[in-house]
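Source file: coords06.pdb. Holds: PDB, C-alpha atoms and all ligand atoms.
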MODEL        1
ATOM      1  CA  MET J   1      -0.414 -26.205 -27.623
ATOM      2  CA  PRO J   2      -1.508 -23.917 -24.755
ATOM      3  CA  GLU J   3      -4.856 -22.238 -25.309
ATOM      4  CA  LEU J   4      -4.770 -18.805 -26.970
ATOM      5  CA  LEU J   5      -5.325 -16.099 -24.346
ATOM      6  CA  ASP J   6      -8.108 -13.806 -25.554
ATOM      7  CA  ALA J   7      -8.966 -10.304 -24.326
ATOM      8  CA  PRO J   8     -11.691 -11.235 -21.778
ATOM      9  CA  ALA J   9      -9.475 -13.916 -20.203
ATOM     10  CA  ALA J  10      -6.478 -11.544 -20.201
ATOM     11  CA  TRP J  11      -8.536  -8.817 -18.516
ATOM     12  CA  ASP J  12      -9.750 -11.269 -15.903
ATOM     13  CA  LEU J  13      -6.138 -12.075 -15.007
ATOM     14  CA  LEU J  14      -4.859  -8.493 -15.301
ATOM     15  CA  ARG J  15      -7.432  -6.828 -13.083
ATOM     16  CA  ARG J  16      -6.297  -8.872 -10.075
ATOM     17  CA  LEU J  17      -2.531  -8.247 -10.467
ATOM     18  CA  ARG J  18      -0.906  -5.852  -7.983
ATOM     19  CA  THR J  19       2.756  -6.954  -7.896
ATOM     20  CA  THR J  20       5.394  -8.011 -10.418
ATOM     21  CA  ASP J  21       5.636 -11.406  -8.702
ATOM     22  CA  GLU J  22       1.903 -11.929  -9.232
ATOM     23  CA  ALA J  23       2.291 -10.914 -12.892
ATOM     24  CA  LEU J  24       5.127 -13.403 -13.401
ATOM     25  CA  ALA J  25       3.090 -16.114 -11.663
ATOM     26  CA  ALA J  26       0.202 -15.317 -14.053
ATOM     27  CA  GLY J  27       2.438 -16.143 -17.012
ATOM     28  CA  MET J  28       3.863 -12.745 -17.916
ATOM     29  CA  VAL J  29       7.456 -12.366 -19.097
ATOM     30  CA  PRO J  30       9.776  -9.352 -19.630
ATOM     31  CA  ASP J  31       9.025  -7.648 -22.952
ATOM     32  CA  GLY J  32      12.607  -6.416 -23.454
ATOM     33  CA  ASP J  33      11.435  -2.822 -23.069
ATOM     34  CA  GLY J  34      11.272  -2.657 -19.282
ATOM     35  CA  GLY J  35       7.663  -3.907 -19.180
ATOM     36  CA  LEU J  36       5.911  -7.271 -19.175
ATOM     37  CA  ARG J  37       3.835  -9.117 -21.764
ATOM     38  CA  TRP J  38       1.957 -12.401 -21.859
ATOM     39  CA  GLY J  39       4.484 -15.246 -22.228
ATOM     40  CA  ARG J  40       1.950 -17.673 -23.690
ATOM     41  CA  PRO J  41       0.153 -17.388 -27.032
ATOM     42  CA  ALA J  42      -2.173 -14.402 -26.783
ATOM     43  CA  THR J  43      -4.325 -12.393 -29.174
ATOM     44  CA  PRO J  44      -3.096  -8.907 -30.135
ATOM     45  CA  GLU J  45      -6.001  -7.481 -28.061
ATOM     46  CA  ALA J  46      -4.849  -9.416 -24.982
ATOM     47  CA  GLN J  47      -1.288  -8.097 -25.401
ATOM     48  CA  GLU J  48      -2.656  -4.569 -25.903
ATOM     49  CA  LEU J  49      -4.619  -4.759 -22.645
ATOM     50  CA  ALA J  50      -1.461  -5.805 -20.796
ATOM     51  CA  GLY J  51       0.528  -2.950 -22.328
ATOM     52  CA  ARG J  52      -2.127  -0.377 -21.485
ATOM     53  CA  TYR J  53      -3.215  -1.389 -17.980
ATOM     54  CA  LEU J  54      -0.369  -3.339 -16.342
ATOM     55  CA  PRO J  55       1.534  -0.174 -15.288
ATOM     56  CA  LEU J  56      -1.593   0.989 -13.452
ATOM     57  CA  CYS J  57      -2.214  -2.468 -11.949
ATOM     58  CA  LEU J  58       1.329  -2.472 -10.547
ATOM     59  CA  ALA J  59       1.368   1.194  -9.459
ATOM     60  CA  GLY J  60       1.042   0.234  -5.799
ATOM     61  CA  PRO J  61      -1.543   0.544  -3.057
ATOM     62  CA  GLU J  62      -1.768   4.350  -3.218
ATOM     63  CA  VAL J  63      -2.199   5.853  -6.652
ATOM     64  CA  ALA J  64      -4.420   8.685  -7.873
ATOM     65  CA  PHE J  65      -5.449   8.700 -11.522
ATOM     66  CA  ALA J  66      -7.926  10.898 -13.340
ATOM     67  CA  GLN J  67      -9.823  10.673 -16.593
ATOM     68  CA  LEU J  68     -11.692  13.019 -18.893
ATOM     69  CA  GLY J  69     -13.338  12.470 -22.245
ATOM     70  CA  GLN J  70     -13.353  15.678 -24.232
ATOM     71  CA  SER J  71     -14.072  17.215 -27.601
ATOM     72  CA  LEU J  72     -11.194  18.252 -29.828
ATOM     73  CA  ASP J  73     -11.787  21.831 -28.692
ATOM     74  CA  GLY J  74     -11.497  20.941 -25.006
ATOM     75  CA  PHE J  75     -15.052  20.530 -23.647
ATOM     76  CA  ILE J  76     -16.329  17.603 -21.541
ATOM     77  CA  ALA J  77     -20.036  18.384 -22.020
ATOM     78  CA  THR J  78     -22.229  20.769 -23.985
ATOM     79  CA  ARG J  79     -23.210  24.104 -22.462
ATOM     80  CA  THR J  80     -26.365  22.441 -21.054
ATOM     81  CA  GLY J  81     -24.203  19.855 -19.257
ATOM     82  CA  ASP J  82     -25.061  17.014 -21.660
ATOM     83  CA  ALA J  83     -22.168  14.541 -21.763
ATOM     84  CA  ASP J  84     -24.021  11.531 -23.296
ATOM     85  CA  PHE J  85     -21.646  10.693 -24.913
ATOM     86  CA  VAL J  86     -18.609  12.784 -25.721
ATOM     87  CA  THR J  87     -16.434   9.798 -26.592
ATOM     88  CA  GLY J  88     -17.302   6.429 -28.100
ATOM     89  CA  GLU J  89     -17.950   2.901 -26.908
ATOM     90  CA  GLU J  90     -14.276   1.906 -26.650
ATOM     91  CA  ASP J  91     -13.609   4.802 -24.313
ATOM     92  CA  ARG J  92     -16.597   3.744 -22.194
ATOM     93  CA  CYS J  93     -14.963   0.303 -21.848
ATOM     94  CA  HIS J  94     -11.693   2.019 -20.931
ATOM     95  CA  LEU J  95     -13.457   4.103 -18.268
ATOM     96  CA  HIS J  96     -15.095   1.026 -16.768
ATOM     97  CA  ARG J  97     -11.709  -0.739 -16.695
ATOM     98  CA  LEU J  98     -10.270   2.231 -14.792
ATOM     99  CA  ARG J  99     -13.144   1.921 -12.300
ATOM    100  CA  ALA J 100     -12.445  -1.804 -11.944
ATOM    101  CA  LEU J 101      -8.794  -1.056 -11.105
ATOM    102  CA  SER J 102      -9.674   1.437  -8.360
ATOM    103  CA  ASP J 103     -10.724   1.170  -4.720
ATOM    104  CA  ALA J 104     -12.744   4.393  -5.017
ATOM    105  CA  VAL J 105     -14.206   6.451  -7.862
ATOM    106  CA  LEU J 106     -14.558  10.125  -7.001
ATOM    107  CA  VAL J 107     -16.722  12.798  -8.657
ATOM    108  CA  GLY J 108     -17.394  16.445  -7.916
ATOM    109  CA  ALA J 109     -20.822  17.747  -6.955
ATOM    110  CA  GLY J 110     -21.300  19.218 -10.457
ATOM    111  CA  THR J 111     -21.111  15.791 -12.074
ATOM    112  CA  ALA J 112     -23.295  14.149  -9.442
ATOM    113  CA  VAL J 113     -25.982  16.805 -10.040
ATOM    114  CA  ALA J 114     -25.742  16.943 -13.858
ATOM    115  CA  ASP J 115     -25.404  13.225 -14.617
ATOM    116  CA  ASP J 116     -26.854  11.317 -11.645
ATOM    117  CA  PRO J 117     -24.163   8.724 -12.539
ATOM    118  CA  ARG J 118     -24.090   5.108 -11.348
ATOM    119  CA  LEU J 119     -20.259   4.888 -11.257
ATOM    120  CA  THR J 120     -20.368   1.075 -11.366
ATOM    121  CA  VAL J 121     -18.435  -1.424 -13.496
ATOM    122  CA  ARG J 122     -20.717  -2.679 -16.240
ATOM    123  CA  ALA J 123     -18.797  -2.640 -19.540
ATOM    124  CA  CYS J 124     -16.153  -5.126 -18.378
ATOM    125  CA  ALA J 125     -15.622  -7.701 -15.645
ATOM    126  CA  GLY J 126     -14.673  -6.225 -12.289
ATOM    127  CA  ASP J 127     -15.760  -5.206  -8.813
ATOM    128  CA  ASN J 128     -17.502  -1.905  -8.163
ATOM    129  CA  PRO J 129     -15.335   0.634  -6.345
ATOM    130  CA  VAL J 130     -16.624   2.723  -3.441
ATOM    131  CA  ARG J 131     -18.297   5.844  -4.842
ATOM    132  CA  VAL J 132     -17.088   9.145  -3.392
ATOM    133  CA  VAL J 133     -19.030  12.382  -3.942
ATOM    134  CA  LEU J 134     -17.244  15.656  -3.124
ATOM    135  CA  ASP J 135     -20.023  17.942  -2.040
ATOM    136  CA  PRO J 136     -18.796  20.640   0.392
ATOM    137  CA  ARG J 137     -22.097  22.538   0.282
ATOM    138  CA  GLY J 138     -24.374  19.486   0.390
ATOM    139  CA  ARG J 139     -26.123  20.407  -2.875
ATOM    140  CA  VAL J 140     -26.368  16.929  -4.405
ATOM    141  CA  PRO J 141     -30.003  15.717  -4.112
ATOM    142  CA  ARG J 142     -30.391  12.890  -1.650
ATOM    143  CA  SER J 143     -32.611  11.143  -4.200
ATOM    144  CA  SER J 144     -29.506  10.654  -6.411
ATOM    145  CA  GLY J 145     -28.807   7.100  -7.538
ATOM    146  CA  VAL J 146     -25.466   6.862  -5.731
ATOM    147  CA  PHE J 147     -27.278   7.455  -2.433
ATOM    148  CA  THR J 148     -30.255   5.216  -3.089
ATOM    149  CA  ASP J 149     -29.533   2.415  -5.590
ATOM    150  CA  GLY J 150     -27.438   0.281  -3.218
ATOM    151  CA  ALA J 151     -25.296  -0.874  -6.174
ATOM    152  CA  ALA J 152     -22.051  -0.063  -4.306
ATOM    153  CA  PRO J 153     -21.050   1.685  -1.091
ATOM    154  CA  THR J 154     -21.058   5.496  -1.322
ATOM    155  CA  LEU J 155     -19.162   8.051   0.720
ATOM    156  CA  TRP J 156     -20.781  11.506   0.690
ATOM    157  CA  VAL J 157     -18.059  14.004   1.617
ATOM    158  CA  VAL J 158     -19.581  17.255   2.867
ATOM    159  CA  GLY J 159     -18.515  20.418   4.664
ATOM    160  CA  PRO J 160     -19.291  21.232   8.310
ATOM    161  CA  ASP J 161     -22.483  23.172   7.518
ATOM    162  CA  ALA J 162     -23.874  20.681   5.032
ATOM    163  CA  ALA J 163     -24.319  17.420   6.920
ATOM    164  CA  PRO J 164     -27.601  15.827   5.805
ATOM    165  CA  ALA J 165     -29.691  14.399   8.633
ATOM    166  CA  ASP J 166     -30.859  11.406   6.615
ATOM    167  CA  PRO J 167     -28.461  10.498   3.799
ATOM    168  CA  GLY J 168     -30.475   7.540   2.511
ATOM    169  CA  ALA J 169     -29.593   3.876   2.180
ATOM    170  CA  GLY J 170     -26.098   2.921   1.114
ATOM    171  CA  ALA J 171     -24.457   6.296   1.744
ATOM    172  CA  GLU J 172     -22.062   7.061   4.544
ATOM    173  CA  VAL J 173     -21.618  10.767   5.291
ATOM    174  CA  LEU J 174     -18.122  12.048   5.980
ATOM    175  CA  VAL J 175     -18.155  15.581   7.384
ATOM    176  CA  LEU J 176     -14.853  17.390   6.863
ATOM    177  CA  PRO J 177     -13.976  20.276   9.203
ATOM    178  CA  GLY J 178     -13.424  22.961   6.561
ATOM    179  CA  ALA J 179     -12.024  23.947   3.168
ATOM    180  CA  ALA J 180      -8.451  22.884   3.985
ATOM    181  CA  ALA J 181      -9.581  19.292   4.523
ATOM    182  CA  PHE J 182     -10.915  19.281   0.942
ATOM    183  CA  ALA J 183      -7.443  19.926  -0.498
ATOM    184  CA  PRO J 184      -6.817  17.017  -2.908
ATOM    185  CA  VAL J 185      -3.718  15.636  -1.181
ATOM    186  CA  ARG J 186      -5.467  15.677   2.205
ATOM    187  CA  LEU J 187      -8.571  14.108   0.744
ATOM    188  CA  LEU J 188      -6.521  11.290  -0.754
ATOM    189  CA  ALA J 189      -4.820  10.709   2.607
ATOM    190  CA  THR J 190      -8.244  10.595   4.300
ATOM    191  CA  LEU J 191      -9.456   8.015   1.777
ATOM    192  CA  ALA J 192      -6.241   5.976   2.094
ATOM    193  CA  ARG J 193      -6.750   5.766   5.872
ATOM    194  CA  ARG J 194     -10.099   4.139   5.086
ATOM    195  CA  GLY J 195      -8.396   1.549   2.874
ATOM    196  CA  LEU J 196      -9.214   3.442  -0.339
ATOM    197  CA  GLY J 197      -5.704   3.993  -1.696
ATOM    198  CA  ARG J 198      -6.281   3.546  -5.412
ATOM    199  CA  VAL J 199      -8.518   6.418  -6.462
ATOM    200  CA  LEU J 200      -9.994   7.253  -9.861
ATOM    201  CA  ILE J 201     -10.948  10.932 -10.137
ATOM    202  CA  GLU J 202     -13.598  10.593 -12.810
ATOM    203  CA  GLY J 203     -14.680  14.200 -13.243
ATOM    204  CA  GLY J 204     -15.757  16.741 -13.929
ATOM    205  CA  GLY J 205     -13.395  19.378 -15.220
ATOM    206  CA  VAL J 206     -13.276  21.467 -12.043
ATOM    207  CA  THR J 207     -12.440  18.481  -9.856
ATOM    208  CA  VAL J 208      -9.812  16.916 -12.134
ATOM    209  CA  SER J 209      -8.213  20.330 -12.730
ATOM    210  CA  ARG J 210      -7.934  20.910  -8.993
ATOM    211  CA  PHE J 211      -6.261  17.544  -8.411
ATOM    212  CA  LEU J 212      -3.906  18.170 -11.335
ATOM    213  CA  HIS J 213      -2.989  21.694 -10.264
ATOM    214  CA  GLU J 214      -2.262  20.575  -6.705
ATOM    215  CA  GLN J 215       0.017  17.807  -8.006
ATOM    216  CA  ALA J 216      -2.117  15.129  -6.413
ATOM    217  CA  LEU J 217      -2.296  12.943  -9.546
ATOM    218  CA  HIS J 218       0.073  10.198 -10.604
ATOM    219  CA  ARG J 219      -1.596   9.531 -13.950
ATOM    220  CA  LEU J 220      -4.012  11.365 -16.185
ATOM    221  CA  TYR J 221      -6.032   9.818 -19.012
ATOM    222  CA  VAL J 222      -7.572  12.235 -21.514
ATOM    223  CA  THR J 223      -9.557  10.818 -24.422
ATOM    224  CA  VAL J 224     -10.084  13.230 -27.293
ATOM    225  CA  ALA J 225     -13.066  12.702 -29.588
ATOM    226  CA  PRO J 226     -13.124  14.101 -33.144
ATOM    227  CA  VAL J 227     -16.056  16.372 -32.387
ATOM    228  CA  LEU J 228     -16.204  20.161 -32.118
ATOM    229  CA  LEU J 229     -18.585  21.693 -29.558
ATOM    230  CA  GLY J 230     -17.729  25.382 -29.884
ATOM    231  CA  ASP J 231     -18.622  26.013 -26.259
ATOM    232  CA  GLY J 232     -19.602  23.955 -23.246
ATOM    233  CA  ILE J 233     -18.307  22.696 -19.878
ATOM    234  CA  PRO J 234     -14.526  23.039 -19.990
ATOM    235  CA  GLY J 235     -12.157  20.153 -19.285
ATOM    236  CA  LEU J 236      -8.747  20.986 -17.821
ATOM    237  CA  ARG J 237      -8.341  24.564 -16.602
ATOM    238  CA  PHE J 238      -5.499  25.752 -14.357
ATOM    239  CA  PRO J 239      -3.258  28.807 -14.171
ATOM    240  CA  GLY J 240      -1.158  28.547 -17.316
ATOM    241  CA  THR J 241       2.358  29.607 -18.172
ATOM    242  CA  PRO J 242       3.201  32.795 -20.062
ATOM    243  CA  VAL J 243       5.585  31.028 -22.441
ATOM    244  CA  MET J 244       5.293  27.719 -24.289
ATOM    245  CA  ARG J 245       8.649  26.383 -23.134
ATOM    246  CA  GLU J 246       7.351  26.320 -19.522
ATOM    247  CA  ALA J 247       4.143  24.460 -20.364
ATOM    248  CA  LEU J 248       3.380  21.139 -18.684
ATOM    249  CA  ARG J 249       4.616  18.333 -20.995
ATOM    250  CA  PRO J 250       4.563  15.099 -19.005
ATOM    251  CA  PRO J 251       5.740  11.803 -20.517
ATOM    252  CA  LEU J 252       2.984  10.495 -22.736
ATOM    253  CA  ARG J 253       1.561   7.333 -24.281
ATOM    254  CA  ARG J 254      -1.046   7.407 -27.037
ATOM    255  CA  ALA J 255      -3.570   4.822 -28.204
ATOM    256  CA  LEU J 256      -6.449   4.762 -30.644
ATOM    257  CA  LEU J 257      -9.852   3.890 -29.146
ATOM    258  CA  GLY J 258     -12.072   3.576 -32.199
ATOM    259  CA  GLU J 259     -12.333   7.105 -33.611
ATOM    260  CA  ASP J 260     -11.009   8.621 -30.366
ATOM    261  CA  THR J 261      -7.428   9.100 -29.202
ATOM    262  CA  LEU J 262      -6.394   8.252 -25.653
ATOM    263  CA  PHE J 263      -3.560  10.274 -24.138
ATOM    264  CA  GLU J 264      -2.053   8.794 -20.978
ATOM    265  CA  PHE J 265       0.186  11.162 -19.041
ATOM    266  CA  ALA J 266       2.614   9.810 -16.441
ATOM    267  CA  LEU J 267       2.693  12.743 -14.036
ATOM    268  CA  ARG J 268       4.738  11.216 -11.212
ATOM    269  CA  PRO J 269       5.645   7.753  -9.990
ATOM    270  CA  ALA J 270       3.197   6.343  -7.445
ATOM    271  CA  GLY J 271       4.680   6.254  -3.951
ATOM    272  CA  GLY J 272       6.687   9.412  -4.713
ATOM    273  CA  PRO J 273       6.120  12.818  -3.137
ATOM    274  CA  SER J 274       2.997  14.723  -4.115
ATOM    275  CA  GLY J 275       1.216  17.909  -3.217
ATOM    276  CA  GLY J 276       1.488  21.648  -3.535
ATOM    277  CA  PRO J 277       0.324  23.788  -6.424
ATOM    278  CA  ALA J 278       2.070  23.337  -9.773
ATOM    279  CA  ASP J 279       4.765  25.906 -10.515
TER     280      ASP J 279
HETATM  281  N1  LIG J 301     -16.663  13.873 -20.382
HETATM  282  C1  LIG J 301     -16.263  13.479 -19.188
HETATM  283  O1  LIG J 301     -15.270  12.757 -19.045
HETATM  284  C2  LIG J 301     -17.022  13.947 -17.986
HETATM  285  C3  LIG J 301     -16.733  13.342 -16.744
HETATM  286  C4  LIG J 301     -17.435  13.798 -15.636
HETATM  287  C5  LIG J 301     -18.364  14.803 -15.766
HETATM  288  N2  LIG J 301     -18.614  15.357 -16.992
HETATM  289  C6  LIG J 301     -19.526  16.495 -17.118
HETATM  290  O2  LIG J 301     -18.925  17.555 -16.421
HETATM  291  C7  LIG J 301     -19.926  18.424 -15.910
HETATM  292  C8  LIG J 301     -19.611  18.719 -14.456
HETATM  293  O3  LIG J 301     -18.281  19.123 -14.343
HETATM  294  P1  LIG J 301     -17.863  20.435 -13.570
HETATM  295  O4  LIG J 301     -16.443  20.714 -13.917
HETATM  296  O5  LIG J 301     -18.876  21.500 -13.845
HETATM  297  O6  LIG J 301     -18.054  20.035 -12.047
HETATM  298  P2  LIG J 301     -17.416  18.888 -11.117
HETATM  299  O7  LIG J 301     -15.953  18.852 -11.251
HETATM  300  O8  LIG J 301     -18.168  17.629 -11.325
HETATM  301  O9  LIG J 301     -17.845  19.426  -9.688
HETATM  302  C9  LIG J 301     -17.213  20.565  -9.185
HETATM  303  C10 LIG J 301     -17.712  20.825  -7.799
HETATM  304  O10 LIG J 301     -17.411  19.727  -6.926
HETATM  305  C11 LIG J 301     -17.022  20.213  -5.665
HETATM  306  N3  LIG J 301     -15.578  19.911  -5.518
HETATM  307  C12 LIG J 301     -14.814  19.215  -6.366
HETATM  308  N4  LIG J 301     -13.553  19.116  -5.891
HETATM  309  C13 LIG J 301     -13.529  19.768  -4.727
HETATM  310  C14 LIG J 301     -12.526  20.006  -3.772
HETATM  311  N5  LIG J 301     -11.288  19.507  -3.859
HETATM  312  N6  LIG J 301     -12.836  20.761  -2.702
HETATM  313  C15 LIG J 301     -14.078  21.254  -2.557
HETATM  314  N7  LIG J 301     -15.081  21.021  -3.432
HETATM  315  C16 LIG J 301     -14.811  20.282  -4.494
HETATM  316  C17 LIG J 301     -17.304  21.714  -5.693
HETATM  317  O11 LIG J 301     -18.655  21.839  -5.313
HETATM  318  P3  LIG J 301     -19.331  23.247  -4.883
HETATM  319  O12 LIG J 301     -19.471  24.016  -6.162
HETATM  320  O13 LIG J 301     -20.649  22.868  -4.297
HETATM  321  O14 LIG J 301     -18.407  23.885  -3.913
HETATM  322  C18 LIG J 301     -17.057  22.021  -7.158
HETATM  323  O15 LIG J 301     -17.604  23.210  -7.617
HETATM  324  C19 LIG J 301     -21.250  17.732 -16.118
HETATM  325  O16 LIG J 301     -21.905  18.346 -17.211
HETATM  326  C20 LIG J 301     -20.865  16.306 -16.494
HETATM  327  O17 LIG J 301     -21.772  15.769 -17.396
HETATM  328  C21 LIG J 301     -17.955  14.942 -18.101
ENDMDL
END
In structure tokens, write the structure found in this file.
Amino acid sequence: MPELLDAPAAWDLLRRLRTTDEALAAGMVPDGDGGLRWGRPATPEAQELAGRYLPLCLAGPEVAFAQLGQSLDGFIATRTGDADFVTGEEDRCHLHRLRALSDAVLVGAGTAVADDPRLTVRACAGDNPVRVVLDPRGRVPRSSGVFTDGAAPTLWVVGPDAAPADPGAGAEVLVLPGAAAFAPVRLLATLARRGLGRVLIEGGGVTVSRFLHEQALHRLYVTVAPVLLGDGIPGLRFPGTPVMREALRPPLRRALLGEDTLFEFALRPAGGPSGGPAD
């Protein structure tokens, strides 16, 4: 009898897969539904991991995916900026898996200032992605962990008037010529030229909304926690439609993560055209 594949072993195989041939060589077989599943005896958790993450693993060398964890009433932090923690432990594992499947994890200046995040992979096995901080005005303190802890390479993306003289250990400064170079599609192209094609846009709301509105995202993961904040830092905000029938309704998958619900939106196939504001 072949050994039962458990979730940690399945994740260890999955996180390295980038092509269908590699998946087949790792023992996956067609699931009859257009996808792949483990062909050998596997725990339900191992099969679930394959179902949830294999499409992202196989999305190709250039794919942009974003995540947000929000309250039921649409906030990603309280009004003071506290986001510890909006969603539960299973969503934290999910977030760390997304990091492990990316070449770069990108945050806006607001998140870097409010959270001083580490942006490393700790809740699952995996390599740390390059950390990218979008900071056109150079307002993120240079004492921030991403610039000083040396845990992973960091790219500090600033505007022409904001270049810091001494960025600190472990941070490379990329000075962009002006606002147009910060447009999400151009930013992704700049990162791809540096070998960072698979990009997780981790937050916050302003940054993810901008990437969504400019059609720069292939996938969007929103985890909704059963908590009501009343007010706070908003999640997705973009110019809406006047009538419901024109609202954005991308193809969707749903999963339960403990008490939270994960919504995974397939916005466009990776490798397809992207860019330009949403209609
Ligand atoms: N629950 C979650 O999943 C989650 C995830 C991440 C963060 N958070 C929380 O979210 C809050 C911060 O979110 P936020 O929406 O206020 O801010 P944010 O998205 O983190 O940062 C927004 C800022 O980043 C810069 N920026 C981002 N994209 C840019 C672009 N394409 N071009 C130019 N500049 C760009 C701009 O800086 P300038 O203003 O300097 O121009 C912009 O105002 C924090 O409280 C954090 O705790 C929650």
- Note on the structure: With distances taken over only C-alpha atoms, the candidate from J:Ala163, J:Leu262, J:Leu119, J:Ile201 nearest Arg139 (chain J) is J:Ala163
Around all the atoms of ligand LIG 301 (chain J) listed in the file, draw an axis-aligned box and extend it by 3 Å on each of the six sides; I want its centre and edge lengths in Å to one decimal, as AutoDock Vina command-line options.
--center_x -16.6 --center_y 18.4 --center_z -11.5 --size_x 16.6 --size_y 17.3 --size_z 23.8
- Taking the file as shown, what set of residues would the PyMOL selection byres (((not hetatm)) within 7 of (chain J and resi 301)) give back, as a PyMOL selection string? chain J and resi 67-70+76-77+81-83+86+107-112+114-115+134-139+179+182-184+202-208+210+233-235
- Task: Identify, on the basis of all atoms listed in the file, every residue whose closest approach to Val227 (chain J) does not exceed 6 Å; exclude the query and any residue fewer than 2 positions from it along the same chain; express the result as a PyMOL selection string.
- Result: chain J and resi 71-72+225
- What's the 12 Å shell around Thr190 (chain J), counting all atoms listed in the file, without same-chain residues fewer than 4 positions away, as a VMD selection string? chain J and resid 62 132 155 157 174 to 176 181 to 186 194 to 197 199
- Item | Residue neighbourhood Ala10 (chain J), 8 Å, all atoms listed in the file, exclusion window fewer than 5 positions, as number ranges by chain | J: 5, 46, 49-50
Dump as a short mmCIF file (atom, residue, chain, number, x, y, z; two decimals), keeping the file's coordinate frame, selection limited to C-alpha atoms:
data_model
loop_
_atom_site.label_atom_id
_atom_site.label_comp_id
_atom_site.auth_asym_id
_atom_site.auth_seq_id
_atom_site.Cartn_x
_atom_site.Cartn_y
_atom_site.Cartn_z
CA LEU J 5 -5.32 -16.10 -24.35
CA ALA J 46 -4.85 -9.42 -24.98
CA LEU J 49 -4.62 -4.76 -22.64
CA ALA J 50 -1.46 -5.80 -20.80
#
Please output region 9-20 of chain J, rebuilt to include N, CA and C atoms, as a compact mmCIF listing (two decimals), in the coordinates of the input.
# COMPACT_ATOMS: atom_id res chain seq x y z
N ALA J 9 -10.25 -13.11 -21.16
CA ALA J 9 -9.48 -13.92 -20.20
C ALA J 9 -8.27 -13.11 -19.70
N ALA J 10 -7.64 -12.36 -20.60
CA ALA J 10 -6.48 -11.54 -20.20
C ALA J 10 -6.91 -10.48 -19.19
N TRP J 11 -8.05 -9.85 -19.45
CA TRP J 11 -8.54 -8.82 -18.52
C TRP J 11 -8.84 -9.42 -17.14
N ASP J 12 -9.41 -10.62 -17.16
CA ASP J 12 -9.75 -11.27 -15.90
C ASP J 12 -8.49 -11.54 -15.06
N LEU J 13 -7.40 -11.88 -15.74
CA LEU J 13 -6.14 -12.08 -15.01
C LEU J 13 -5.55 -10.73 -14.57
N LEU J 14 -5.53 -9.79 -15.54
CA LEU J 14 -4.86 -8.49 -15.30
C LEU J 14 -5.44 -7.73 -14.12
N ARG J 15 -6.78 -7.72 -14.05
CA ARG J 15 -7.43 -6.83 -13.08
C ARG J 15 -7.13 -7.22 -11.64
N ARG J 16 -6.61 -8.43 -11.44
CA ARG J 16 -6.30 -8.87 -10.07
C ARG J 16 -4.82 -8.68 -9.73
N LEU J 17 -3.98 -8.32 -10.70
CA LEU J 17 -2.53 -8.25 -10.47
C LEU J 17 -2.16 -6.95 -9.76
N ARG J 18 -1.36 -7.05 -8.70
CA ARG J 18 -0.91 -5.85 -7.98
C ARG J 18 0.61 -5.82 -7.79
N THR J 19 1.30 -6.94 -8.05
CA THR J 19 2.76 -6.95 -7.90
C THR J 19 3.39 -7.66 -9.10
N THR J 20 4.67 -7.37 -9.32
CA THR J 20 5.39 -8.01 -10.42
C THR J 20 5.43 -9.52 -10.22
